[in-house]
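**Q** Dropping in entry10.cif, with mmCIF, C-alpha atoms.
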data_model
loop_
_atom_site.label_atom_id
_atom_site.label_comp_id
_atom_site.auth_asym_id
_atom_site.auth_seq_id
_atom_site.Cartn_x
_atom_site.Cartn_y
_atom_site.Cartn_z
CA MET A 1 32.27 3.63 0.79
CA VAL A 2 36.06 3.85 0.70
CA ARG A 3 38.73 1.57 -0.76
CA GLY A 4 39.68 0.39 2.71
CA ASP A 5 36.18 -1.15 3.06
CA ALA A 6 36.78 -3.53 0.14
CA GLU A 7 37.63 -6.66 2.14
CA GLN A 8 34.72 -6.19 4.53
CA LEU A 9 32.36 -5.56 1.61
CA HIS A 10 33.53 -8.70 -0.11
CA LYS A 11 32.94 -10.73 3.05
CA LEU A 12 29.50 -9.17 3.50
CA HIS A 13 28.59 -10.05 -0.07
CA ALA A 14 29.79 -13.63 0.44
CA SER A 15 27.62 -14.05 3.54
CA PHE A 16 24.67 -12.32 1.86
CA THR A 17 24.73 -14.65 -1.15
CA GLN A 18 25.70 -17.79 0.76
CA GLY A 19 23.40 -20.60 -0.19
CA TYR A 20 22.11 -18.73 -3.20
CA VAL A 21 23.11 -19.67 -6.68
CA GLY A 22 23.74 -17.77 -9.87
CA PRO A 23 26.65 -16.78 -12.06
CA LEU A 24 27.73 -13.80 -10.00
CA GLU A 25 31.34 -13.12 -9.22
CA ARG A 26 32.78 -10.52 -6.91
CA ASP A 27 36.30 -10.00 -5.69
CA VAL A 28 38.05 -7.44 -3.51
CA ARG A 29 39.22 -5.58 -6.62
CA TYR A 30 35.60 -5.04 -7.69
CA TYR A 31 34.89 -3.21 -4.42
CA LYS A 32 38.14 -1.24 -4.59
CA ARG A 33 37.16 -0.05 -8.06
CA ALA A 34 33.63 0.76 -6.94
CA ALA A 35 34.85 2.70 -3.91
CA SER A 36 37.38 4.71 -5.88
CA LYS A 37 34.63 6.58 -7.75
CA LYS A 38 33.99 9.90 -6.05
CA ASP A 39 30.41 10.62 -7.13
CA GLY A 40 28.81 9.81 -3.77
CA LEU A 41 26.69 6.97 -5.14
CA ARG A 42 28.15 4.07 -3.19
CA TRP A 43 27.26 3.89 0.49
CA VAL A 44 27.66 1.51 3.36
CA ALA A 45 25.44 1.03 6.41
CA ILE A 46 27.30 0.43 9.67
CA ASN A 47 26.11 -0.83 13.03
CA GLN A 48 26.92 0.72 16.41
CA LYS A 49 30.17 -1.22 16.56
CA GLY A 50 31.24 0.33 13.27
CA GLN A 51 30.90 -2.90 11.28
CA ILE A 52 29.55 -2.76 7.74
CA VAL A 53 26.12 -4.40 7.64
CA GLY A 54 24.98 -3.33 4.19
CA TYR A 55 25.97 -1.48 1.04
CA VAL A 56 24.47 -0.02 -2.08
CA ILE A 57 26.19 0.54 -5.42
CA THR A 58 24.58 3.01 -7.81
CA PHE A 59 25.50 4.44 -11.18
CA TYR A 60 24.45 7.68 -12.79
CA LEU A 61 24.55 8.56 -16.46
CA LYS A 62 24.60 12.33 -16.54
CA ARG A 63 23.63 12.85 -20.19
CA ARG A 64 20.71 10.46 -19.95
CA ARG A 65 19.90 11.69 -16.42
CA PHE A 66 19.52 8.06 -15.57
CA GLY A 67 20.27 6.46 -12.19
CA ARG A 68 20.60 2.74 -11.70
CA ILE A 69 20.62 1.10 -8.29
CA PHE A 70 22.87 -1.73 -9.25
CA GLU A 71 23.47 -3.79 -6.16
CA ILE A 72 22.29 -3.94 -2.56
CA ALA A 73 23.64 -6.40 -0.02
CA VAL A 74 22.66 -6.67 3.63
CA ASP A 75 23.95 -8.78 6.52
CA PRO A 76 21.70 -11.88 6.34
CA ASN A 77 21.16 -11.73 10.12
CA LEU A 78 19.40 -8.38 9.77
CA ASP A 79 16.12 -7.40 8.17
CA PHE A 80 16.88 -6.66 4.50
CA GLY A 81 14.04 -4.17 4.13
CA SER A 82 14.97 -1.83 6.97
CA VAL A 83 18.69 -1.64 6.15
CA ALA A 84 18.15 -1.45 2.37
CA ARG A 85 15.57 1.32 2.77
CA ILE A 86 18.09 3.57 4.55
CA LEU A 87 20.65 2.95 1.82
CA VAL A 88 18.18 3.46 -1.02
CA GLU A 89 16.81 6.67 0.53
CA LYS A 90 20.35 8.00 0.69
CA VAL A 91 21.18 7.33 -2.96
CA HIS A 92 17.70 8.36 -4.06
CA ASN A 93 18.18 11.82 -2.52
CA ILE A 94 21.61 12.15 -4.11
CA LEU A 95 20.22 11.15 -7.51
CA VAL A 96 17.44 13.72 -7.14
CA GLU A 97 20.06 16.39 -6.32
CA LYS A 98 22.04 15.37 -9.40
CA GLY A 99 18.91 15.88 -11.51
CA ALA A 100 17.99 12.27 -12.38
CA ALA A 101 14.92 11.98 -14.60
CA THR A 102 14.59 8.23 -14.01
CA ILE A 103 15.83 5.86 -11.33
CA GLN A 104 15.75 2.15 -11.97
CA ALA A 105 16.56 -0.86 -9.84
CA PRO A 106 16.82 -3.97 -12.00
CA THR A 107 16.80 -7.41 -10.49
CA MET A 108 16.72 -10.92 -11.79
CA LEU A 109 14.92 -12.22 -8.76
CA ASN A 110 14.96 -10.63 -5.36
CA PRO A 111 11.70 -10.84 -3.42
CA ASN A 112 13.23 -8.52 -0.81
CA TYR A 113 13.04 -5.59 -3.24
CA GLU A 114 9.27 -5.65 -2.69
CA GLN A 115 9.91 -4.47 0.88
CA VAL A 116 11.79 -1.41 -0.32
CA PHE A 117 10.85 0.04 -3.67
CA PRO A 118 7.03 0.19 -3.97
CA ASP A 119 6.79 2.25 -0.76
CA MET A 120 9.23 4.75 -2.24
CA GLY A 121 7.11 5.45 -5.32
CA PHE A 122 8.71 2.94 -7.68
CA PHE A 123 6.51 0.79 -9.87
CA LYS A 124 7.36 -2.73 -10.90
CA VAL A 125 7.80 -3.72 -14.53
CA GLU A 126 8.40 -7.32 -15.50
CA MET A 127 10.56 -7.06 -18.56
CA GLN A 128 10.74 -9.21 -21.66
CA GLU A 129 14.45 -9.58 -20.99
CA VAL A 130 14.98 -13.16 -20.14
CA PHE A 131 17.85 -15.21 -18.82
CA MET A 132 18.30 -18.38 -20.88
CA VAL A 133 20.43 -21.41 -20.19
CA ALA A 134 21.55 -24.29 -22.38
CA ILE A 135 23.04 -27.30 -20.65
CA ASN A 136 25.85 -28.51 -22.89
CA ASN A 137 27.05 -31.38 -20.79
CA ILE A 138 24.73 -33.02 -18.24
CA PRO A 139 27.32 -35.18 -16.40
CA ARG A 140 29.55 -32.14 -15.95
CA PHE A 141 26.57 -30.06 -14.83
CA LEU A 142 25.63 -32.68 -12.24
CA ASP A 143 29.22 -32.69 -11.07
CA GLU A 144 29.27 -28.89 -10.73
CA ILE A 145 26.12 -28.75 -8.64
CA LYS A 146 27.36 -31.35 -6.15
CA PRO A 147 28.69 -28.75 -3.65
CA ILE A 148 25.30 -26.97 -3.70
CA MET A 149 23.45 -30.24 -3.13
CA VAL A 150 25.85 -31.24 -0.35
CA ASN A 151 25.29 -27.91 1.44
CA ARG A 152 21.55 -28.29 1.16
CA LEU A 153 21.58 -31.92 2.26
CA LYS A 154 23.43 -30.83 5.40
CA LYS A 155 20.40 -28.72 6.26
CA VAL A 156 18.05 -31.71 6.09
CA GLN A 157 17.16 -32.71 9.63
CA ASP A 158 16.06 -36.11 10.99
CA TRP A 159 16.98 -37.98 7.86
CA ASN A 160 19.92 -40.11 6.90
CA GLY A 161 20.05 -42.21 3.79
CA THR A 162 20.87 -42.39 0.11
CA LEU A 163 19.67 -40.12 -2.67
CA GLU A 164 19.90 -40.27 -6.45
CA LEU A 165 19.45 -37.23 -8.64
CA LYS A 166 18.74 -38.39 -12.17
CA CYS A 167 18.76 -36.16 -15.25
CA GLY A 168 18.00 -38.01 -18.46
CA GLU A 169 20.43 -40.92 -18.60
CA HIS A 170 22.81 -39.44 -16.05
CA SER A 171 22.78 -39.63 -12.28
CA THR A 172 24.66 -38.40 -9.29
CA PHE A 173 24.42 -40.12 -5.90
CA PHE A 174 24.62 -38.89 -2.33
CA LYS A 175 24.82 -40.65 1.03
CA LYS A 176 23.92 -38.66 4.11
CA ASP A 177 25.03 -39.73 7.55
CA SER A 178 24.20 -36.74 9.83
CA ASP A 179 26.63 -33.99 8.78
CA LYS A 180 28.75 -36.29 6.66
CA ILE A 181 27.73 -36.30 3.00
CA GLN A 182 29.39 -38.59 0.51
CA THR A 183 28.95 -38.27 -3.24
CA PHE A 184 29.23 -41.03 -5.84
CA ASP A 185 29.22 -41.09 -9.61
CA TRP A 186 27.95 -44.62 -9.70
CA THR A 187 26.58 -47.23 -7.30
CA ASN A 188 24.51 -50.37 -7.71
CA ARG A 189 22.84 -49.92 -4.31
CA ASP A 190 19.12 -49.33 -4.05
CA MET A 191 18.42 -45.73 -3.23
CA ASP A 192 16.13 -44.47 -0.46
CA TYR A 193 15.16 -41.45 -2.51
CA ARG A 194 15.28 -40.95 -6.27
CA ILE A 195 14.53 -37.65 -7.95
CA LEU A 196 14.08 -37.67 -11.71
CA MET A 197 13.80 -34.54 -13.83
CA ASP A 198 15.20 -32.99 -16.97
CA GLU A 199 18.17 -30.64 -16.86
CA TYR A 200 16.10 -27.49 -17.34
CA THR A 201 13.70 -28.29 -14.52
CA LEU A 202 16.75 -29.02 -12.38
CA THR A 203 18.28 -25.65 -13.31
CA ALA A 204 15.04 -23.83 -12.52
CA VAL A 205 14.37 -25.52 -9.16
CA LEU A 206 18.01 -25.26 -8.19
CA LEU A 207 17.99 -21.51 -8.85
CA GLY A 208 14.66 -21.28 -7.04
CA VAL A 209 12.90 -19.61 -9.96
CA THR A 210 10.44 -22.49 -10.25
CA GLU A 211 8.81 -23.88 -7.15
CA TYR A 212 9.42 -27.59 -6.74
CA GLU A 213 5.75 -28.12 -5.83
CA ALA A 214 4.60 -26.59 -9.12
CA ALA A 215 7.14 -28.64 -11.08
CA TYR A 216 6.04 -31.78 -9.23
CA ALA A 217 2.36 -31.05 -9.87
CA GLU A 218 3.10 -30.60 -13.58
CA GLY A 219 4.87 -33.95 -13.66
CA LYS A 220 8.26 -32.37 -14.39
CA ILE A 221 9.68 -33.95 -11.25
CA GLN A 222 9.20 -37.61 -10.46
CA ILE A 223 10.02 -39.16 -7.10
CA LYS A 224 10.58 -42.76 -6.19
CA THR A 225 11.10 -43.28 -2.49
CA VAL A 226 10.54 -45.51 0.49
CA LEU A 227 9.99 -42.41 2.66
CA SER A 228 6.62 -41.18 3.86
CA LYS A 229 4.94 -38.58 1.65
CA GLY A 230 5.45 -35.85 4.26
CA LYS A 231 9.15 -36.59 4.73
CA ALA A 232 9.68 -36.85 0.97
CA LYS A 233 8.12 -33.43 0.50
CA GLU A 234 10.14 -31.92 3.31
CA LEU A 235 13.35 -33.24 1.79
CA LEU A 236 12.46 -31.85 -1.62
CA GLY A 237 11.66 -28.48 -0.03
CA THR A 238 15.09 -28.30 1.65
CA LEU A 239 16.94 -29.33 -1.49
CA PHE A 240 15.08 -26.86 -3.68
CA PRO A 241 14.04 -23.85 -1.61
CA LYS A 242 11.19 -21.73 -2.93
CA ARG A 243 11.79 -18.47 -4.79
CA GLN A 244 14.91 -16.91 -3.46
CA PHE A 245 17.36 -14.21 -4.34
CA LEU A 246 19.23 -14.93 -7.51
CA ALA A 247 22.73 -13.51 -7.54
CA PHE A 248 23.44 -12.17 -10.98
CA ASN A 249 25.73 -9.88 -12.84
CA PHE A 250 23.92 -7.71 -15.33
CA TRP A 251 26.46 -7.91 -18.08
CA MET B 1 28.33 -21.88 -10.87
CA LYS B 2 30.53 -21.43 -13.94
CA THR B 3 28.80 -20.45 -17.16
CA LEU B 4 29.87 -19.35 -20.62
CA GLY B 5 27.98 -16.12 -21.34
CA VAL B 6 26.92 -15.29 -24.88
CA LEU B 7 27.17 -11.52 -24.94
CA ALA B 8 25.86 -10.59 -28.37
CA VAL B 9 24.76 -12.27 -31.58
CA CYS B 10 24.20 -10.15 -34.63
CA THR B 11 23.72 -10.80 -38.35
CA SER B 12 23.88 -8.08 -40.98
CA SER B 13 20.40 -7.49 -42.39
CA GLU B 14 21.54 -8.57 -45.89
CA TYR B 15 22.56 -12.00 -44.61
CA ARG B 16 19.60 -12.90 -42.42
CA ASN B 17 17.67 -16.19 -42.66
CA ARG B 18 20.73 -18.05 -43.93
CA GLY B 19 21.68 -19.73 -40.67
CA VAL B 20 24.55 -17.37 -39.85
CA ALA B 21 23.51 -16.81 -36.22
CA THR B 22 22.76 -20.52 -35.78
CA SER B 23 26.19 -21.62 -36.95
CA LEU B 24 27.91 -18.95 -34.82
CA LEU B 25 25.97 -20.20 -31.80
CA LYS B 26 26.85 -23.81 -32.57
CA GLN B 27 30.52 -22.82 -32.66
CA ALA B 28 30.24 -20.97 -29.35
CA MET B 29 28.54 -23.96 -27.71
CA ALA B 30 31.13 -26.37 -29.09
CA PHE B 31 33.80 -24.10 -27.65
CA ALA B 32 31.97 -24.08 -24.29
CA ASP B 33 31.99 -27.87 -24.19
CA LYS B 34 35.66 -28.07 -25.19
CA ALA B 35 36.63 -25.45 -22.62
CA GLY B 36 34.94 -27.42 -19.85
CA PHE B 37 31.74 -25.42 -19.36
CA SER B 38 28.69 -27.47 -18.47
CA ASN B 39 26.31 -24.71 -19.52
CA THR B 40 25.96 -21.61 -21.67
CA SER B 41 23.78 -18.67 -20.72
CA LEU B 42 22.60 -15.40 -22.20
CA TYR B 43 20.18 -12.54 -21.88
CA THR B 44 17.72 -11.72 -24.61
CA ALA B 45 14.15 -10.52 -25.02
CA THR B 46 11.33 -12.97 -25.66
CA LEU B 47 9.84 -10.75 -28.37
CA LEU B 48 12.97 -10.76 -30.49
CA PRO B 49 13.07 -13.20 -33.43
CA VAL B 50 16.45 -14.42 -32.16
CA HIS B 51 14.70 -15.91 -29.11
CA ARG B 52 13.42 -18.69 -31.38
CA ILE B 53 16.93 -19.36 -32.67
CA TYR B 54 18.20 -19.71 -29.11
CA GLU B 55 15.38 -22.13 -28.29
CA ARG B 56 16.25 -24.24 -31.32
CA GLN B 57 19.82 -24.45 -30.05
CA GLY B 58 18.68 -25.84 -26.72
CA PHE B 59 18.40 -22.66 -24.65
CA ARG B 60 15.44 -22.47 -22.26
CA ASP B 61 13.89 -19.49 -20.50
CA ILE B 62 14.88 -19.52 -16.85
CA GLU B 63 13.73 -16.18 -15.49
CA LYS B 64 12.60 -12.80 -16.72
CA THR B 65 14.11 -9.66 -15.24
CA THR B 66 12.16 -7.17 -13.17
CA ARG B 67 12.76 -3.46 -12.89
CA TYR B 68 11.56 -1.07 -10.25
CA ILE B 69 11.20 2.29 -11.98
CA LYS B 70 10.61 5.81 -10.77
CA HIS B 71 10.26 8.70 -13.18
CA LEU B 72 11.14 12.05 -11.65
CA ASP B 73 10.96 14.09 -14.86
CA TYR B 74 8.73 12.34 -17.37
CA ASP B 75 8.97 15.20 -19.84
CA PHE B 76 12.70 14.50 -20.20
CA VAL B 77 12.07 10.74 -20.42
CA PHE B 78 9.59 11.28 -23.25
CA ARG B 79 11.99 13.61 -25.07
CA ARG B 80 14.74 10.96 -24.82
CA TRP B 81 12.35 8.34 -26.13
CA VAL B 82 11.54 10.43 -29.25
CA MET B 83 15.30 10.93 -29.79
CA TRP B 84 15.84 7.19 -29.41
CA CYS B 85 13.09 6.49 -31.99
CA ASN B 86 14.90 8.67 -34.53
CA ARG B 87 18.23 7.05 -33.77
CA TYR B 88 16.72 3.60 -34.18
CA LEU B 89 14.99 4.58 -37.41
CA LYS B 90 18.31 5.74 -38.89
CA HIS B 91 19.75 2.24 -38.52
CA SER B 92 16.71 0.09 -39.31
CA ASN B 93 15.78 -0.50 -42.94
CA ILE B 94 12.71 -2.43 -41.92
CA ALA B 95 11.43 0.41 -39.70
CA GLN B 96 12.00 2.95 -42.47
CA LYS B 97 10.11 0.70 -44.90
CA THR B 98 7.18 0.20 -42.50
CA LEU B 99 6.83 3.93 -41.84
CA GLN B 100 7.17 4.90 -45.49
CA GLY B 101 4.19 7.03 -46.45
CA TRP B 102 2.84 7.22 -42.92
CA ASN B 103 2.32 10.65 -41.41
CA GLY B 104 0.60 10.78 -38.08
CA SER B 105 0.33 12.58 -34.80
CA VAL B 106 -0.16 10.88 -31.45
CA VAL B 107 -1.33 12.35 -28.14
CA PHE B 108 -1.02 10.57 -24.80
CA ASP B 109 -3.16 11.93 -21.99
CA LEU B 110 -1.29 10.76 -18.90
CA GLY B 111 -3.67 12.19 -16.29
CA SER B 112 -1.80 13.97 -13.51
CA LYS B 113 1.49 13.60 -15.43
CA GLY B 114 0.15 15.82 -18.20
CA VAL B 115 -0.18 15.38 -21.94
CA LYS B 116 2.67 14.20 -24.19
CA ALA B 117 2.57 14.24 -27.97
CA PHE B 118 4.67 13.44 -30.99
CA ARG B 119 4.25 13.23 -34.73
CA PHE B 120 5.95 11.42 -37.56
CA ARG B 121 6.51 13.59 -40.59
CA ASN B 122 9.10 13.66 -43.40
CA GLY B 123 10.75 10.52 -42.10
CA ARG B 124 11.37 11.84 -38.60
CA PHE B 125 9.75 11.70 -35.18
CA GLN B 126 9.14 15.06 -33.60
CA ARG B 127 8.07 15.74 -30.04
CA LEU B 128 5.25 18.25 -29.91
CA THR B 129 5.30 20.66 -26.99
CA LYS B 130 1.77 21.75 -27.88
CA PRO B 131 -0.55 18.80 -28.57
CA PRO B 132 -2.52 19.14 -31.82
CA GLN B 133 -6.26 19.84 -31.55
CA LEU B 134 -7.13 16.92 -33.78
CA ALA B 135 -4.45 14.23 -33.45
CA ASP B 136 -4.65 11.08 -35.58
CA ILE B 137 -4.37 8.99 -32.42
CA PHE B 138 -5.54 10.14 -28.99
CA ILE B 139 -4.91 7.84 -26.10
CA VAL B 140 -5.68 8.04 -22.38
CA THR B 141 -3.38 5.97 -20.19
CA SER B 142 -0.95 6.12 -17.28
CA VAL B 143 2.81 6.64 -17.16
CA GLU B 144 3.16 3.08 -15.79
CA THR B 145 1.29 1.57 -18.74
CA LEU B 146 3.16 3.71 -21.28
CA THR B 147 6.46 2.63 -19.69
CA ARG B 148 5.39 -1.01 -19.96
CA LEU B 149 4.48 -0.53 -23.63
CA MET B 150 7.78 1.22 -24.34
CA SER B 151 9.65 -1.50 -22.43
CA GLU B 152 8.28 -4.23 -24.72
CA VAL B 153 6.41 -5.72 -21.79
CA SER B 154 2.90 -5.46 -23.15
CA PHE B 155 1.31 -4.81 -26.51
CA LEU B 156 -1.02 -1.96 -27.28
CA GLY B 157 -3.82 -4.36 -28.30
CA ASP B 158 -3.67 -6.18 -24.96
CA ALA B 159 -3.53 -2.93 -23.01
CA ILE B 160 -6.64 -1.73 -24.86
CA LYS B 161 -8.46 -4.99 -24.09
CA THR B 162 -7.64 -4.78 -20.39
CA GLY B 163 -8.70 -1.14 -20.21
CA GLN B 164 -5.22 0.14 -19.33
CA VAL B 165 -5.32 2.15 -22.54
CA GLN B 166 -8.39 3.97 -23.77
CA VAL B 167 -8.36 4.95 -27.41
CA LYS B 168 -10.35 8.14 -27.90
CA ARG B 169 -9.36 8.44 -31.55
CA GLY B 170 -7.36 6.35 -33.99
CA SER B 171 -7.90 3.95 -36.89
CA GLU B 172 -6.93 0.29 -36.63
CA SER B 173 -4.06 0.67 -39.11
CA ASP B 174 -2.70 3.73 -37.28
CA LEU B 175 -2.82 1.82 -33.97
CA LYS B 176 -0.91 -1.06 -35.54
CA ILE B 177 1.85 1.35 -36.55
CA LEU B 178 1.83 2.95 -33.09
CA ASN B 179 2.25 -0.48 -31.49
CA LYS B 180 5.37 -1.06 -33.59
CA ILE B 181 6.72 2.38 -32.71
CA LEU B 182 6.13 1.84 -28.98
CA VAL B 183 7.42 -1.70 -28.76
CA GLY B 184 10.26 -1.00 -31.18
CA ILE B 185 10.04 -4.37 -32.89
CA TRP B 186 9.37 -3.99 -36.58
CA GLY B 187 9.58 -7.48 -38.03
CA GLU B 188 6.53 -9.69 -38.23
#
Produce structure tokens that represent the structure in this file.
**A**
Amino acid sequence: MVRGDAEQLHKLHASFTQGYVGPLERDVRYYKRAASKKDGLRWVAINQKGQIVGYVITFYLKRRRFGRIFEIAVDPNLDFGSVARILVEKVHNILVEKGAATIQAPTMLNPNYEQVFPDMGFFKVEMQEVFMVAINNIPRFLDEIKPIMVNRLKKVQDWNGTLELKCGEHSTFFKKDSDKIQTFDWTNRDMDYRILMDEYTLTAVLLGVTEYEAAYAEGKIQIKTVLSKGKAKELLGTLFPKRQFLAFNFW
Amino acid sequence: MKTLGVLAVCTSSEYRNRGVATSLLKQAMAFADKAGFSNTSLYTATLLPVHRIYERQGFRDIEKTTRYIKHLDYDFVFRRWVMWCNRYLKHSNIAQKTLQGWNGSVVFDLGSKGVKAFRFRNGRFQRLTKPPQLADIFIVTSVETLTRLMSEVSFLGDAIKTGQVQVKRGSESDLKILNKILVGIWGE
């Protein structure tokens, strides 16, 4: 990884995390800083055309002999496991050469890590460290998630209509007409599809850490709709995809 | 998504249980609202007493972190852990109080990874390169389980119940102390 890769790395990261949610921020400067370190622990994977298709960023604490695989990103059109494995093998060997006593790869939620680490002799530990959220302002929160909801609604096929997302006393409204999605803060129209849940269930299903089916079964999500049961379920599944990668900074 | 991150909350031990952390949190959350943040987020550990304070202030658990771990030199890892125990002890009045009067030696038989041992004597933890013949506590387990115990993921009592830890020797009171040492949480 060299400083000149920074823009490409930033673009790769943006495409890798597209559609995922989480408070993770990256800019070109971050990659320039990462690439300027000359300890051989940041690598890129390139394809035959010389384009960057993946990268790994690793840190090593010499006194503690501790290596941390901090971040892996892979072109979403490629198989994460096969690209990531090459990158991890590379940094693993370098860390062994440096004399690491422990190598760790922390993740908030990345099911793809299962394809890489157990086969390389790593064992999985679910920590007591927990990410907590408090929603201070529900209307503002609903406003902030509108772009995410719009993107997901665009992916819903064979359905056009109106949708209300209701959290406590507050609602946000959407109208889908093929690719055109309109949002409203208020409407007196009857909705085709109403989803009711509290703000924490919404946070969890939005981040994909709770499966919408489980939340629905537990009564945490209520649905009022004129749609068929199958269509209603399909819509819910597209709006709140099952467990997915959660893009997070470990601050 | 924009979030206001709470990085650290700490109250001096002399001023605990007086609502200091709660009022600091309330201030931070009021600031978040004023500054236009819809949400506040933080990392903590579920076993810490502060987790309850966060819950009372409206924080909810969203997801626990996962670590993939590989030990290449467990002897070094164990040595670091004993060092860390001493460092922690130096700064924790409650740990010093709990260990007052306790002298004990502990042996972990880690199968293919060998035997690791330490003792607590004269107010300090010492790693033992040669395990004592008759340790106060003798435990058979795996590196994975010991890592989980040291990472506050599971408790000794649960690991014993599930058979991940076999206690060959050790009184109930000694095991209680060992659990505190391993997990590193000293308050009730």
**Q** Using only C-alpha atoms, find all polymer residues with an atom at most 6 Å away from the point (17.5, 5.0, -11.8); report them as a list in words.
**A** Phe66, Gly67, Arg68, Thr102, Ile103 and Gln104 of chain A
**Q** May I have the residues from that selection written out with C-alpha atoms, as a CSV table (one decimal), in the frame of the given file?
**A**
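Dumped to part-v9.csv:
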chain,number,residue,atom,x,y,z
A,66,PHE,CA,19.5,8.1,-15.6
A,67,GLY,CA,20.3,6.5,-12.2
A,68,ARG,CA,20.6,2.7,-11.7
A,102,THR,CA,14.6,8.2,-14.0
A,103,ILE,CA,15.8,5.9,-11.3
A,104,GLN,CA,15.8,2.2,-12.0
**Q** From the options A:Lys37, A:Arg64, A:Lys231, A:His10, which residue's atoms come nearest to chain B, counting only C-alpha atoms?
**A**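 Closest residue, counting only C-alpha atoms: A:Arg64.
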**Q** Could you please select, counting all atoms listed in the file, the residues of chain B within 8 Å of chain A and state them as an MDAnalysis selection string?
**A** chainID B and resid 1:3 7 29 32:33 37:47 57:74 76:77 80 144 148 151:153
**Q** Those selected residues, please, written with C-alpha atoms and delivered as a PDB file, in the coordinates of the input.
**A**
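out.pdb was written with the following content:
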ATOM      1  CA  MET B   1      28.330 -21.880 -10.870  1.00  0.00           C
ATOM      2  CA  LYS B   2      30.530 -21.430 -13.940  1.00  0.00           C
ATOM      3  CA  THR B   3      28.800 -20.450 -17.160  1.00  0.00           C
ATOM      4  CA  LEU B   7      27.170 -11.520 -24.940  1.00  0.00           C
ATOM      5  CA  MET B  29      28.540 -23.960 -27.710  1.00  0.00           C
ATOM      6  CA  ALA B  32      31.970 -24.080 -24.290  1.00  0.00           C
ATOM      7  CA  ASP B  33      31.990 -27.870 -24.190  1.00  0.00           C
ATOM      8  CA  PHE B  37      31.740 -25.420 -19.360  1.00  0.00           C
ATOM      9  CA  SER B  38      28.690 -27.470 -18.470  1.00  0.00           C
ATOM     10  CA  ASN B  39      26.310 -24.710 -19.520  1.00  0.00           C
ATOM     11  CA  THR B  40      25.960 -21.610 -21.670  1.00  0.00           C
ATOM     12  CA  SER B  41      23.780 -18.670 -20.720  1.00  0.00           C
ATOM     13  CA  LEU B  42      22.600 -15.400 -22.200  1.00  0.00           C
ATOM     14  CA  TYR B  43      20.180 -12.540 -21.880  1.00  0.00           C
ATOM     15  CA  THR B  44      17.720 -11.720 -24.610  1.00  0.00           C
ATOM     16  CA  ALA B  45      14.150 -10.520 -25.020  1.00  0.00           C
ATOM     17  CA  THR B  46      11.330 -12.970 -25.660  1.00  0.00           C
ATOM     18  CA  LEU B  47       9.840 -10.750 -28.370  1.00  0.00           C
ATOM     19  CA  GLN B  57      19.820 -24.450 -30.050  1.00  0.00           C
ATOM     20  CA  GLY B  58      18.680 -25.840 -26.720  1.00  0.00           C
ATOM     21  CA  PHE B  59      18.400 -22.660 -24.650  1.00  0.00           C
ATOM     22  CA  ARG B  60      15.440 -22.470 -22.260  1.00  0.00           C
ATOM     23  CA  ASP B  61      13.890 -19.490 -20.500  1.00  0.00           C
ATOM     24  CA  ILE B  62      14.880 -19.520 -16.850  1.00  0.00           C
ATOM     25  CA  GLU B  63      13.730 -16.180 -15.490  1.00  0.00           C
ATOM     26  CA  LYS B  64      12.600 -12.800 -16.720  1.00  0.00           C
ATOM     27  CA  THR B  65      14.110  -9.660 -15.240  1.00  0.00           C
ATOM     28  CA  THR B  66      12.160  -7.170 -13.170  1.00  0.00           C
ATOM     29  CA  ARG B  67      12.760  -3.460 -12.890  1.00  0.00           C
ATOM     30  CA  TYR B  68      11.560  -1.070 -10.250  1.00  0.00           C
ATOM     31  CA  ILE B  69      11.200   2.290 -11.980  1.00  0.00           C
ATOM     32  CA  LYS B  70      10.610   5.810 -10.770  1.00  0.00           C
ATOM     33  CA  HIS B  71      10.260   8.700 -13.180  1.00  0.00           C
ATOM     34  CA  LEU B  72      11.140  12.050 -11.650  1.00  0.00           C
ATOM     35  CA  ASP B  73      10.960  14.090 -14.860  1.00  0.00           C
ATOM     36  CA  TYR B  74       8.730  12.340 -17.370  1.00  0.00           C
ATOM     37  CA  PHE B  76      12.700  14.500 -20.200  1.00  0.00           C
ATOM     38  CA  VAL B  77      12.070  10.740 -20.420  1.00  0.00           C
ATOM     39  CA  ARG B  80      14.740  10.960 -24.820  1.00  0.00           C
ATOM     40  CA  GLU B 144       3.160   3.080 -15.790  1.00  0.00           C
ATOM     41  CA  ARG B 148       5.390  -1.010 -19.960  1.00  0.00           C
ATOM     42  CA  SER B 151       9.650  -1.500 -22.430  1.00  0.00           C
ATOM     43  CA  GLU B 152       8.280  -4.230 -24.720  1.00  0.00           C
ATOM     44  CA  VAL B 153       6.410  -5.720 -21.790  1.00  0.00           C
TER      45      VAL B 153
END
**Q** Would you mind reading off the distance between CA of Leu24 in chain B and CA of Val6 in chain B, one decimal, in Å?
**A**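 Between these atoms lies a distance of 10.6 Å.
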**Q** Could you tell me, as a list in words, exactly which residues end up selected when the PyMOL selection byres ((chain A and resi 54-60) around 7) is applied to this structure?
**A**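 That expression, the PyMOL selection byres ((chain A and resi 54-60) around 7), corresponds here to Leu41, Arg42, Trp43, Val44, Ala45, Ile52, Val53, Leu61, Lys62, Phe66, Gly67, Arg68, Ile69, Phe70, Glu71, Ile72, Ala73, Val74, Asp75, Val83 and Leu87 of chain A.
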**Q** May I ask for the distance between CA of Lys113 in chain B and CA of Ser142 in chain B, given in Å to one decimal place?
**A** 8.1 Å
**Q** I need the output of the PyMOL selection byres ((chain A and resi 222) around 8) for this file as a list in words; which residues are they?
**A**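 Evaluating the PyMOL selection byres ((chain A and resi 222) around 8) on this file yields Ile195, Leu196, Met197, Tyr216, Gly219, Lys220, Ile221, Ile223 and Lys224 of chain A.
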